[in-house]
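Next comes entry-v8.csv, a file with CSV, N, CA and C atoms.
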```csv
chain,number,residue,atom,x,y,z
Z,917,MET,N,-6.2,-0.7,0.9
Z,917,MET,CA,-5.5,-1.7,1.6
Z,917,MET,C,-5.9,-1.7,3.1
Z,918,GLU,N,-5.9,-2.8,3.7
Z,918,GLU,CA,-6.3,-2.8,5.1
Z,918,GLU,C,-5.0,-2.7,6.0
Z,919,GLY,N,-5.1,-1.9,7.1
Z,919,GLY,CA,-3.9,-1.8,8.0
Z,919,GLY,C,-3.5,-3.1,8.6
Z,920,ASP,N,-4.5,-4.0,8.7
Z,920,ASP,CA,-4.1,-5.3,9.4
Z,920,ASP,C,-3.2,-6.1,8.5
Z,921,SER,N,-3.2,-5.9,7.2
Z,921,SER,CA,-2.3,-6.8,6.4
Z,921,SER,C,-0.8,-6.5,6.7
Z,922,PHE,N,-0.5,-5.2,7.0
Z,922,PHE,CA,0.9,-4.9,7.3
Z,922,PHE,C,1.3,-5.4,8.7
Z,923,SER,N,0.4,-5.3,9.7
Z,923,SER,CA,0.8,-5.8,11.0
Z,923,SER,C,0.9,-7.3,11.0
Z,924,GLY,N,0.0,-7.9,10.2
Z,924,GLY,CA,0.1,-9.4,10.0
Z,924,GLY,C,1.4,-9.8,9.4
Z,925,LEU,N,1.8,-9.0,8.4
Z,925,LEU,CA,3.1,-9.3,7.8
Z,925,LEU,C,4.2,-9.2,8.8
Z,926,ALA,N,4.2,-8.1,9.5
Z,926,ALA,CA,5.3,-7.8,10.5
Z,926,ALA,C,5.3,-8.9,11.6
Z,927,ASN,N,4.1,-9.3,12.1
Z,927,ASN,CA,4.1,-10.4,13.1
Z,927,ASN,C,4.5,-11.7,12.5
Z,928,GLY,N,4.2,-12.0,11.3
Z,928,GLY,CA,4.6,-13.2,10.6
Z,928,GLY,C,6.1,-13.3,10.5
Z,929,MET,N,6.7,-12.2,10.4
Z,929,MET,CA,8.2,-12.2,10.2
Z,929,MET,C,8.9,-12.3,11.5
Z,930,GLY,N,8.2,-12.2,12.6
Z,930,GLY,CA,8.8,-12.3,13.9
Z,930,GLY,C,9.5,-11.0,14.2
Z,931,THR,N,9.1,-9.9,13.6
Z,931,THR,CA,9.7,-8.6,13.8
Z,931,THR,C,8.7,-7.6,14.2
Z,932,GLN,N,9.0,-6.8,15.1
Z,932,GLN,CA,8.0,-5.7,15.5
Z,932,GLN,C,8.4,-4.5,14.7
Z,933,ILE,N,7.4,-4.0,13.9
Z,933,ILE,CA,7.5,-2.8,13.2
Z,933,ILE,C,6.6,-1.7,13.8
Z,934,ASP,N,7.2,-0.6,14.1
Z,934,ASP,CA,6.3,0.4,14.8
Z,934,ASP,C,5.3,1.0,13.9
Z,935,GLY,N,4.3,1.7,14.5
Z,935,GLY,CA,3.1,2.2,13.9
Z,935,GLY,C,3.5,3.3,12.8
Z,936,LYS,N,4.6,4.1,13.1
Z,936,LYS,CA,5.0,5.1,12.2
Z,936,LYS,C,5.4,4.5,10.8
Z,937,VAL,N,6.2,3.5,10.9
Z,937,VAL,CA,6.7,2.8,9.7
Z,937,VAL,C,5.5,2.2,8.9
Z,938,LEU,N,4.6,1.6,9.6
Z,938,LEU,CA,3.4,1.0,9.0
Z,938,LEU,C,2.6,2.1,8.3
Z,939,GLN,N,2.4,3.3,9.0
Z,939,GLN,CA,1.7,4.4,8.4
Z,939,GLN,C,2.4,4.9,7.1
Z,940,THR,N,3.7,4.9,7.1
Z,940,THR,CA,4.5,5.4,6.0
Z,940,THR,C,4.3,4.4,4.8
Z,941,PHE,N,4.3,3.1,5.1
Z,941,PHE,CA,4.1,2.1,4.1
Z,941,PHE,C,2.7,2.2,3.5
Z,942,GLN,N,1.7,2.3,4.3
Z,942,GLN,CA,0.3,2.4,3.9
Z,942,GLN,C,0.1,3.7,3.0
Z,943,LYS,N,0.7,4.8,3.5
Z,943,LYS,CA,0.5,6.1,2.8
Z,943,LYS,C,1.2,6.0,1.4
Z,944,ASN,N,2.4,5.4,1.3
Z,944,ASN,CA,3.0,5.2,0.0
Z,944,ASN,C,2.3,4.3,-0.9
Z,945,PHE,N,1.8,3.2,-0.4
Z,945,PHE,CA,1.0,2.2,-1.2
Z,945,PHE,C,-0.3,2.9,-1.7
Z,946,VAL,N,-0.9,3.7,-0.9
Z,946,VAL,CA,-2.1,4.4,-1.4
Z,946,VAL,C,-1.7,5.4,-2.5
Z,947,GLN,N,-0.6,6.1,-2.3
Z,947,GLN,CA,-0.2,7.0,-3.4
Z,947,GLN,C,0.1,6.3,-4.7
Z,948,VAL,N,0.8,5.2,-4.6
Z,948,VAL,CA,1.1,4.3,-5.7
Z,948,VAL,C,-0.2,3.9,-6.4
Z,949,GLN,N,-1.1,3.4,-5.6
Z,949,GLN,CA,-2.4,2.9,-6.2
Z,949,GLN,C,-3.1,4.0,-6.9
Z,950,ASN,N,-3.1,5.2,-6.3
Z,950,ASN,CA,-3.8,6.4,-7.0
Z,950,ASN,C,-3.1,6.8,-8.3
Z,951,ILE,N,-1.8,6.7,-8.3
Z,951,ILE,CA,-1.1,7.1,-9.5
Z,951,ILE,C,-1.4,6.0,-10.6
Z,952,LEU,N,-1.4,4.7,-10.2
Z,952,LEU,CA,-1.6,3.7,-11.2
Z,952,LEU,C,-3.1,3.8,-11.7
Z,953,ASP,N,-4.0,4.1,-10.9
Z,953,ASP,CA,-5.4,4.4,-11.4
Z,953,ASP,C,-5.4,5.5,-12.4
Z,954,GLN,N,-4.7,6.6,-12.1
Z,954,GLN,CA,-4.6,7.7,-13.0
Z,954,GLN,C,-4.0,7.2,-14.3
Z,955,ASN,N,-2.9,6.4,-14.2
Z,955,ASN,CA,-2.3,5.9,-15.4
Z,955,ASN,C,-3.2,5.1,-16.3
Z,956,ARG,N,-4.1,4.3,-15.7
Z,956,ARG,CA,-5.0,3.5,-16.4
Z,956,ARG,C,-5.9,4.5,-17.3
Z,957,LEU,N,-6.4,5.6,-16.6
Z,957,LEU,CA,-7.3,6.5,-17.3
Z,957,LEU,C,-6.5,7.2,-18.5
Z,958,LEU,N,-5.2,7.6,-18.2
Z,958,LEU,CA,-4.4,8.2,-19.2
Z,958,LEU,C,-4.2,7.2,-20.4
Z,959,ILE,N,-3.9,6.0,-20.1
Z,959,ILE,CA,-3.7,5.0,-21.2
Z,959,ILE,C,-5.0,4.8,-22.0
Z,960,ASN,N,-6.1,4.8,-21.4
Z,960,ASN,CA,-7.4,4.7,-22.1
Z,960,ASN,C,-7.6,5.9,-23.0
Z,961,GLU,N,-7.3,7.1,-22.5
Z,961,GLU,CA,-7.5,8.3,-23.3
Z,961,GLU,C,-6.5,8.3,-24.5
Z,962,ILE,N,-5.3,7.9,-24.2
Z,962,ILE,CA,-4.2,7.8,-25.3
Z,962,ILE,C,-4.7,6.9,-26.4
Z,963,ASN,N,-5.2,5.7,-26.0
Z,963,ASN,CA,-5.6,4.7,-27.0
Z,963,ASN,C,-6.8,5.3,-27.8
Z,964,GLN,N,-7.8,5.9,-27.1
Z,964,GLN,CA,-8.9,6.5,-27.8
Z,964,GLN,C,-8.5,7.5,-28.8
Z,965,ASN,N,-7.6,8.4,-28.4
Z,965,ASN,CA,-7.0,9.5,-29.3
Z,965,ASN,C,-6.3,8.9,-30.5
Z,966,HIS,N,-5.6,7.8,-30.2
Z,966,HIS,CA,-4.8,7.2,-31.3
Z,966,HIS,C,-5.8,6.5,-32.3
Z,967,GLU,N,-6.8,5.9,-31.8
Z,967,GLU,CA,-7.8,5.2,-32.7
Z,967,GLU,C,-8.6,6.2,-33.5
Z,968,SER,N,-8.8,7.4,-32.9
Z,968,SER,CA,-9.6,8.4,-33.6
Z,968,SER,C,-8.9,9.0,-34.9
Z,969,LYS,N,-7.6,9.0,-34.8
Z,969,LYS,CA,-6.7,9.5,-35.9
Z,969,LYS,C,-7.0,11.0,-36.2
Z,970,ILE,N,-7.7,11.7,-35.3
Z,970,ILE,CA,-8.0,13.1,-35.4
Z,970,ILE,C,-6.7,13.9,-35.0
Z,971,PRO,N,-6.2,14.8,-35.9
Z,971,PRO,CA,-4.9,15.4,-35.6
Z,971,PRO,C,-4.8,16.1,-34.2
Z,972,ASP,N,-5.9,16.8,-33.8
Z,972,ASP,CA,-5.8,17.4,-32.5
Z,972,ASP,C,-5.7,16.4,-31.4
Z,973,ASN,N,-6.4,15.3,-31.5
Z,973,ASN,CA,-6.3,14.2,-30.5
Z,973,ASN,C,-4.9,13.6,-30.5
Z,974,LEU,N,-4.3,13.4,-31.6
Z,974,LEU,CA,-3.0,12.8,-31.7
Z,974,LEU,C,-2.0,13.8,-31.1
Z,975,SER,N,-2.2,15.1,-31.3
Z,975,SER,CA,-1.3,16.1,-30.7
Z,975,SER,C,-1.4,16.1,-29.2
Z,976,ARG,N,-2.6,15.9,-28.7
Z,976,ARG,CA,-2.9,15.9,-27.3
Z,976,ARG,C,-2.1,14.7,-26.6
Z,977,ASN,N,-2.0,13.6,-27.4
Z,977,ASN,CA,-1.3,12.4,-26.9
Z,977,ASN,C,0.1,12.7,-26.4
Z,978,VAL,N,0.8,13.7,-27.0
Z,978,VAL,CA,2.2,14.0,-26.7
Z,978,VAL,C,2.2,14.4,-25.2
Z,979,GLY,N,1.3,15.3,-24.8
Z,979,GLY,CA,1.2,15.8,-23.4
Z,979,GLY,C,0.8,14.6,-22.5
Z,980,LEU,N,-0.1,13.8,-22.9
Z,980,LEU,CA,-0.6,12.7,-22.1
Z,980,LEU,C,0.5,11.7,-21.8
Z,981,ILE,N,1.3,11.4,-22.9
Z,981,ILE,CA,2.4,10.5,-22.7
Z,981,ILE,C,3.4,11.0,-21.8
Z,982,ARG,N,3.7,12.3,-21.9
Z,982,ARG,CA,4.6,12.9,-20.9
Z,982,ARG,C,4.1,12.8,-19.5
Z,983,GLU,N,2.8,13.1,-19.3
Z,983,GLU,CA,2.2,12.9,-18.0
Z,983,GLU,C,2.4,11.5,-17.5
Z,984,LEU,N,2.1,10.5,-18.4
Z,984,LEU,CA,2.2,9.1,-18.0
Z,984,LEU,C,3.7,8.8,-17.6
Z,985,ASN,N,4.6,9.3,-18.4
Z,985,ASN,CA,6.1,9.0,-18.0
Z,985,ASN,C,6.4,9.6,-16.7
Z,986,ASN,N,5.9,10.8,-16.4
Z,986,ASN,CA,6.2,11.4,-15.1
Z,986,ASN,C,5.6,10.6,-13.9
Z,987,ASN,N,4.4,10.1,-14.2
Z,987,ASN,CA,3.7,9.3,-13.2
Z,987,ASN,C,4.5,8.0,-12.9
Z,988,ILE,N,5.0,7.4,-14.0
Z,988,ILE,CA,5.8,6.2,-13.8
Z,988,ILE,C,7.1,6.5,-13.0
Z,989,ARG,N,7.7,7.6,-13.2
Z,989,ARG,CA,8.9,8.1,-12.4
Z,989,ARG,C,8.5,8.2,-10.9
Z,990,ARG,N,7.3,8.8,-10.7
Z,990,ARG,CA,6.9,9.0,-9.3
Z,990,ARG,C,6.6,7.6,-8.6
Z,991,VAL,N,6.1,6.7,-9.4
Z,991,VAL,CA,5.9,5.3,-8.8
Z,991,VAL,C,7.2,4.7,-8.4
Z,992,VAL,N,8.2,4.8,-9.3
Z,992,VAL,CA,9.5,4.2,-9.1
Z,992,VAL,C,10.1,4.9,-7.8
Z,993,ASP,N,10.0,6.2,-7.7
Z,993,ASP,CA,10.5,6.9,-6.5
Z,993,ASP,C,9.8,6.5,-5.3
Z,994,LEU,N,8.5,6.3,-5.3
Z,994,LEU,CA,7.8,5.8,-4.1
Z,994,LEU,C,8.2,4.4,-3.7
Z,995,TYR,N,8.4,3.5,-4.7
Z,995,TYR,CA,8.8,2.2,-4.4
Z,995,TYR,C,10.3,2.2,-3.8
Z,996,SER,N,11.1,3.1,-4.3
Z,996,SER,CA,12.4,3.2,-3.8
Z,996,SER,C,12.4,3.7,-2.4
Z,997,ASP,N,11.5,4.7,-2.1
Z,997,ASP,CA,11.4,5.1,-0.7
Z,997,ASP,C,10.9,4.0,0.2
Z,998,LEU,N,9.9,3.2,-0.3
Z,998,LEU,CA,9.4,2.1,0.5
Z,998,LEU,C,10.5,1.1,0.8
Z,999,SER,N,11.3,0.8,-0.2
Z,999,SER,CA,12.4,-0.1,0.0
Z,999,SER,C,13.4,0.4,1.0
Z,1000,SER,N,13.7,1.6,0.9
Z,1000,SER,CA,14.7,2.2,1.9
Z,1000,SER,C,14.1,2.2,3.3
Z,1001,SER,N,12.8,2.6,3.4
Z,1001,SER,CA,12.2,2.6,4.7
Z,1001,SER,C,12.1,1.2,5.3
Z,1002,PHE,N,11.8,0.2,4.5
Z,1002,PHE,CA,11.7,-1.2,5.0
Z,1002,PHE,C,13.1,-1.6,5.4
Z,1003,THR,N,14.1,-1.3,4.6
Z,1003,THR,CA,15.5,-1.8,5.0
Z,1003,THR,C,15.9,-1.1,6.3
Z,1004,LYS,N,15.6,0.2,6.5
Z,1004,LYS,CA,16.0,0.8,7.7
Z,1004,LYS,C,15.2,0.3,8.9
Z,1005,SER,N,13.9,0.0,8.7
Z,1005,SER,CA,13.1,-0.6,9.8
Z,1005,SER,C,13.6,-2.0,10.2
Z,1006,MET,N,14.1,-2.8,9.2
Z,1006,MET,CA,14.6,-4.1,9.5
Z,1006,MET,C,15.9,-4.0,10.2
Z,1007,ASP,N,16.8,-3.1,9.8
Z,1007,ASP,CA,18.1,-2.9,10.4
Z,1007,ASP,C,17.9,-2.4,11.8
Z,1008,GLY,N,17.0,-1.5,12.0
Z,1008,GLY,CA,16.7,-1.0,13.4
Z,1008,GLY,C,16.1,-2.0,14.3
Z,1009,SER,N,15.2,-2.8,13.8
Z,1009,SER,CA,14.6,-3.8,14.6
Z,1009,SER,C,15.5,-5.0,14.9
Z,1010,SER,N,16.5,-5.3,14.1
Z,1010,SER,CA,17.3,-6.4,14.3
Z,1010,SER,C,18.5,-6.0,15.2
Z,1011,GLU,N,18.8,-4.7,15.4
Z,1011,GLU,CA,19.9,-4.3,16.3
Z,1011,GLU,C,19.4,-4.6,17.7
Z,1012,GLY,N,20.3,-5.1,18.5
Z,1012,GLY,CA,20.0,-5.3,19.9
Z,1012,GLY,C,19.2,-6.6,20.1
Z,1013,ASP,N,18.9,-7.3,19.0
Z,1013,ASP,CA,18.2,-8.6,19.1
Z,1013,ASP,C,19.3,-9.7,19.2
Z,1014,SER,N,19.6,-10.1,20.4
Z,1014,SER,CA,20.6,-11.1,20.6
Z,1014,SER,C,20.1,-12.5,20.6
Z,1015,SER,N,18.8,-12.6,20.5
Z,1015,SER,CA,18.2,-14.0,20.5
Z,1015,SER,C,18.4,-14.8,19.2
Z,1016,GLY,N,18.9,-14.1,18.2
Z,1016,GLY,CA,19.2,-14.8,17.0
Z,1016,GLY,C,18.1,-14.6,16.0
Z,1017,ALA,N,18.4,-14.5,14.8
Z,1017,ALA,CA,17.4,-14.3,13.7
Z,1017,ALA,C,17.2,-15.6,12.9
Z,1018,LEU,N,16.1,-15.7,12.2
Z,1018,LEU,CA,15.9,-16.8,11.4
Z,1018,LEU,C,16.6,-16.6,10.0
Z,1019,ARG,N,17.5,-17.5,9.6
Z,1019,ARG,CA,18.1,-17.3,8.4
Z,1019,ARG,C,17.2,-17.8,7.3
Z,1020,SER,N,17.7,-17.5,6.0
Z,1020,SER,CA,16.8,-17.9,4.9
Z,1020,SER,C,16.7,-19.4,4.8
Z,1021,ASP,N,17.5,-20.2,5.4
Z,1021,ASP,CA,17.4,-21.6,5.3
Z,1021,ASP,C,16.5,-22.1,6.4
Z,1022,GLY,N,15.9,-21.2,7.2
Z,1022,GLY,CA,15.0,-21.6,8.2
Z,1022,GLY,C,15.6,-21.9,9.5
Z,1023,LYS,N,16.9,-21.9,9.6
Z,1023,LYS,CA,17.6,-22.3,10.9
Z,1023,LYS,C,18.0,-21.0,11.6
Z,1024,GLY,N,18.0,-21.0,12.9
Z,1024,GLY,CA,18.3,-19.9,13.7
Z,1024,GLY,C,19.8,-19.6,13.6
Z,1025,GLY,N,20.1,-18.3,13.7
Z,1025,GLY,CA,21.5,-17.9,13.7
Z,1025,GLY,C,21.7,-16.8,14.6
Z,1026,HIS,N,22.9,-16.6,15.1
Z,1026,HIS,CA,23.2,-15.6,16.1
Z,1026,HIS,C,24.2,-14.6,15.4
Z,1027,LYS,N,23.9,-13.3,15.7
Z,1027,LYS,CA,24.8,-12.3,15.2
Z,1027,LYS,C,26.1,-12.3,16.1
Z,1028,ARG,N,27.2,-12.1,15.4
Z,1028,ARG,CA,28.5,-12.0,16.2
Z,1028,ARG,C,28.9,-10.6,16.0
Z,1029,ASN,N,29.3,-10.0,17.2
Z,1029,ASN,CA,29.8,-8.6,17.1
Z,1029,ASN,C,31.3,-8.7,16.9
Z,1030,ARG,N,31.8,-8.0,15.9
Z,1030,ARG,CA,33.2,-8.0,15.7
Z,1030,ARG,C,33.9,-6.9,16.5
Z,1031,PRO,N,35.1,-7.1,17.0
Z,1031,PRO,CA,35.8,-6.0,17.7
Z,1031,PRO,C,36.2,-4.9,16.7
Z,1032,ALA,N,36.1,-3.7,17.2
Z,1032,ALA,CA,36.4,-2.6,16.3
Z,1032,ALA,C,37.9,-2.4,16.1
```
Structure translated into structure tokens:
Amino acid sequence: MEGDSFSGLANGMGTQIDGKVLQTFQKNFVQVQNILDQNRLLINEINQNHESKIPDNLSRNVGLIRELNNNIRRVVDLYSDLSSSFTKSMDGSSEGDSSGALRSDGKGGHKRNRPA
């Protein structure tokens, strides 16, 4: 992935996201892509073993399927981390912004501070 795509996204949203957050996003997306690439290879091997119907290959599939499941869990965790990081960065960038944010309907809105 190109680093420019993240900064373009941030600029298009009218929000400034710092370099550290962008690096975290990019690092996590690279990790996810690497795991997905590995899963593709695992699935191909599982399919080949299944089609061969050789008992040793079928037994090997048990371990391969476990590895695949663990990889899927890792991807879910990485996406969860990305979601949390993104939410925190948006919360942090919108605090102190008194100019008003763009609402989902495209109209500007102002935050009101409630008395404690």
(message) At a cut-off of 7 Å, using only N, CA and C atoms, what residues contact Leu984 (chain Z)? Leave out same-chain residues fewer than 4 positions from it and give the result as a list in words.
(response) Asn955, Leu958, Gly979, Leu980, Ile988 and Arg989 of chain Z
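Among the candidates Z:Lys936, Z:Ser968, Z:Phe941, Z:Val948, the residue lying nearest to Val992 (chain Z) is Z:Val948 (atoms considered: only C-alpha atoms).
Reported to one decimal place, the separation of CA of Glu961 (chain Z) from CA of Gln947 (chain Z) is 21.2 Å.
Note that CA of Leu994 (chain Z) and CA of Asn944 (chain Z) are 6.3 Å apart.
A straight line drawn from atom N of Arg956 (chain Z) to atom C of Ser996 (chain Z) is 21.2 Å long.
Candidate residues Z:Ile962, Z:Val991, Z:Leu938, Z:Met1006 were compared for distance to Asn977 (chain Z), and the nearest is Z:Ile962, using only N, CA and C atoms.
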Would you mind listing what lies within 7 Å of Asn965 (chain Z) as an mmCIF file with N, CA and C atoms, keeping the file's coordinate frame, with only N, CA and C atoms counted and same-chain residues fewer than 5 positions away left out?
```
data_model
loop_
_atom_site.group_PDB
_atom_site.id
_atom_site.type_symbol
_atom_site.label_atom_id
_atom_site.label_comp_id
_atom_site.auth_asym_id
_atom_site.auth_seq_id
_atom_site.Cartn_x
_atom_site.Cartn_y
_atom_site.Cartn_z
ATOM 1 N N ASN Z 960 -6.100 4.800 -21.400
ATOM 2 C CA ASN Z 960 -7.400 4.700 -22.100
ATOM 3 C C ASN Z 960 -7.600 5.900 -23.000
ATOM 4 N N ILE Z 970 -7.700 11.700 -35.300
ATOM 5 C CA ILE Z 970 -8.000 13.100 -35.400
ATOM 6 C C ILE Z 970 -6.700 13.900 -35.000
ATOM 7 N N ASN Z 973 -6.400 15.300 -31.500
ATOM 8 C CA ASN Z 973 -6.300 14.200 -30.500
ATOM 9 C C ASN Z 973 -4.900 13.600 -30.500
ATOM 10 N N LEU Z 974 -4.300 13.400 -31.600
ATOM 11 C CA LEU Z 974 -3.000 12.800 -31.700
ATOM 12 C C LEU Z 974 -2.000 13.800 -31.100
ATOM 13 N N ASN Z 977 -2.000 13.600 -27.400
ATOM 14 C CA ASN Z 977 -1.300 12.400 -26.900
ATOM 15 C C ASN Z 977 0.100 12.700 -26.400
#
```
